[in-house]
Each structure stands twice: as C-alpha cells, then as structure tokens.
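Chemist: Sharing a structure below in structure tokens format, with a few things to ask.
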Amino acid sequence: MAKRKMKLNEFSDLVGISIQNLSVLKTGKAQAVRISTLAKLCNALECAPGDLLEYRE
C-alpha cells in the first residue's frame, strides 16, 4: 500500500474488504486469514502470499 501511496479506505474499496478487517491484518493482530482474503490482497498488490506472510511461533 505504501509503495502505491494508497490510503486504507482506498485499498478497502479496491480489495472489497472492510477497513476494520484490513486494519487488523495490517497491525498483525489477525489470528487467521482466509485463503480468499489472501487471494484478494495478493491480486490487488500484485504479489505472492509469501510477500505478505511471516511465520511467528
């Protein structure tokens, strides 16, 4: 988002995910992510899932 100079509300409209859910994902507080949500994010950002996810124990 930052590289594309997009605000959260613009990205929400583009992806079709609520601002609240995007905020949870952005802050790293999400406990789970649906595959369909991950696909929407990757499609909008033109990236692979590995670019967005990080493994933490």
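Chain lettering (A, B, ...) mirrors the order of the structure tokens, residue numbering begins at 1 for each chain separately, and ligand numbering begins at 1 in order of display.
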Excluding Ser18 in chain A and its own-chain neighbours fewer than 5 positions away, which residues fall within 10 Å of it when counting only C-alpha atoms? Please give them as a list in words.

Modeler: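 Surrounding residues, per the criterion: Leu8, Asn9, Phe11, Ser12, Asp13 and Ser23 of chain A.
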
Chemist: Would you please extract all helix (DSSP H, G or I) residues from chain A, as assigned by DSSP on the backbone, and give them as an MDAnalysis selection string?

Modeler: chainID A and resid 8:15 19:27 35:45 49:52

Chemist: If we count only C-alpha atoms and set the cut-off at 10 Å, which residues sit around range 32-34 of chain A, ignoring sequence neighbours fewer than 4 positions away in its own chain? Please answer as a PyMOL selection string.

Modeler: chain A and resi 21+25+38-40+53

Chemist: Those residues with N, CA and C atoms, as a PDB file, in the first residue's frame please?

Modeler:
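That gives us selection_3.pdb:
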```
ATOM      1  N   ASN A  21     -11.274  -4.939   9.073  1.00  0.00           N
ATOM      2  CA  ASN A  21     -10.526  -6.181   8.842  1.00  0.00           C
ATOM      3  C   ASN A  21      -9.135  -5.902   8.279  1.00  0.00           C
ATOM      4  N   LEU A  25      -5.413  -6.889   9.956  1.00  0.00           N
ATOM      5  CA  LEU A  25      -4.363  -7.554   9.193  1.00  0.00           C
ATOM      6  C   LEU A  25      -3.084  -6.723   9.160  1.00  0.00           C
ATOM      7  N   LEU A  38      -6.644 -13.647   1.391  1.00  0.00           N
ATOM      8  CA  LEU A  38      -5.248 -13.597   0.970  1.00  0.00           C
ATOM      9  C   LEU A  38      -5.154 -13.463  -0.549  1.00  0.00           C
ATOM     10  N   ALA A  39      -5.996 -14.169  -1.256  1.00  0.00           N
ATOM     11  CA  ALA A  39      -6.014 -14.081  -2.719  1.00  0.00           C
ATOM     12  C   ALA A  39      -6.388 -12.676  -3.181  1.00  0.00           C
ATOM     13  N   LYS A  40      -7.373 -12.066  -2.541  1.00  0.00           N
ATOM     14  CA  LYS A  40      -7.780 -10.697  -2.904  1.00  0.00           C
ATOM     15  C   LYS A  40      -6.639  -9.714  -2.666  1.00  0.00           C
ATOM     16  N   LEU A  53       3.076 -12.756   4.183  1.00  0.00           N
ATOM     17  CA  LEU A  53       3.033 -13.547   5.407  1.00  0.00           C
ATOM     18  C   LEU A  53       4.405 -13.736   6.027  1.00  0.00           C
TER      19      LEU A  53
END
```

Chemist: Smallest atom-to-atom distance to Ala44 in chain A: which of A:Arg56, A:Gly16, A:Val24, A:Ala30, using only C-alpha atoms?

Modeler: A:Gly16

Chemist: Set the distance at 10 Å and use only C-alpha atoms: which residues neighbour Thr37 in chain A once local chain neighbours fewer than 5 positions away are removed? I'd like the list as a list in words.

Modeler: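 Everything that qualifies: Val15, Gly16, Ile17, Asn21, Leu22, Cys42 and Asn43 of chain A.
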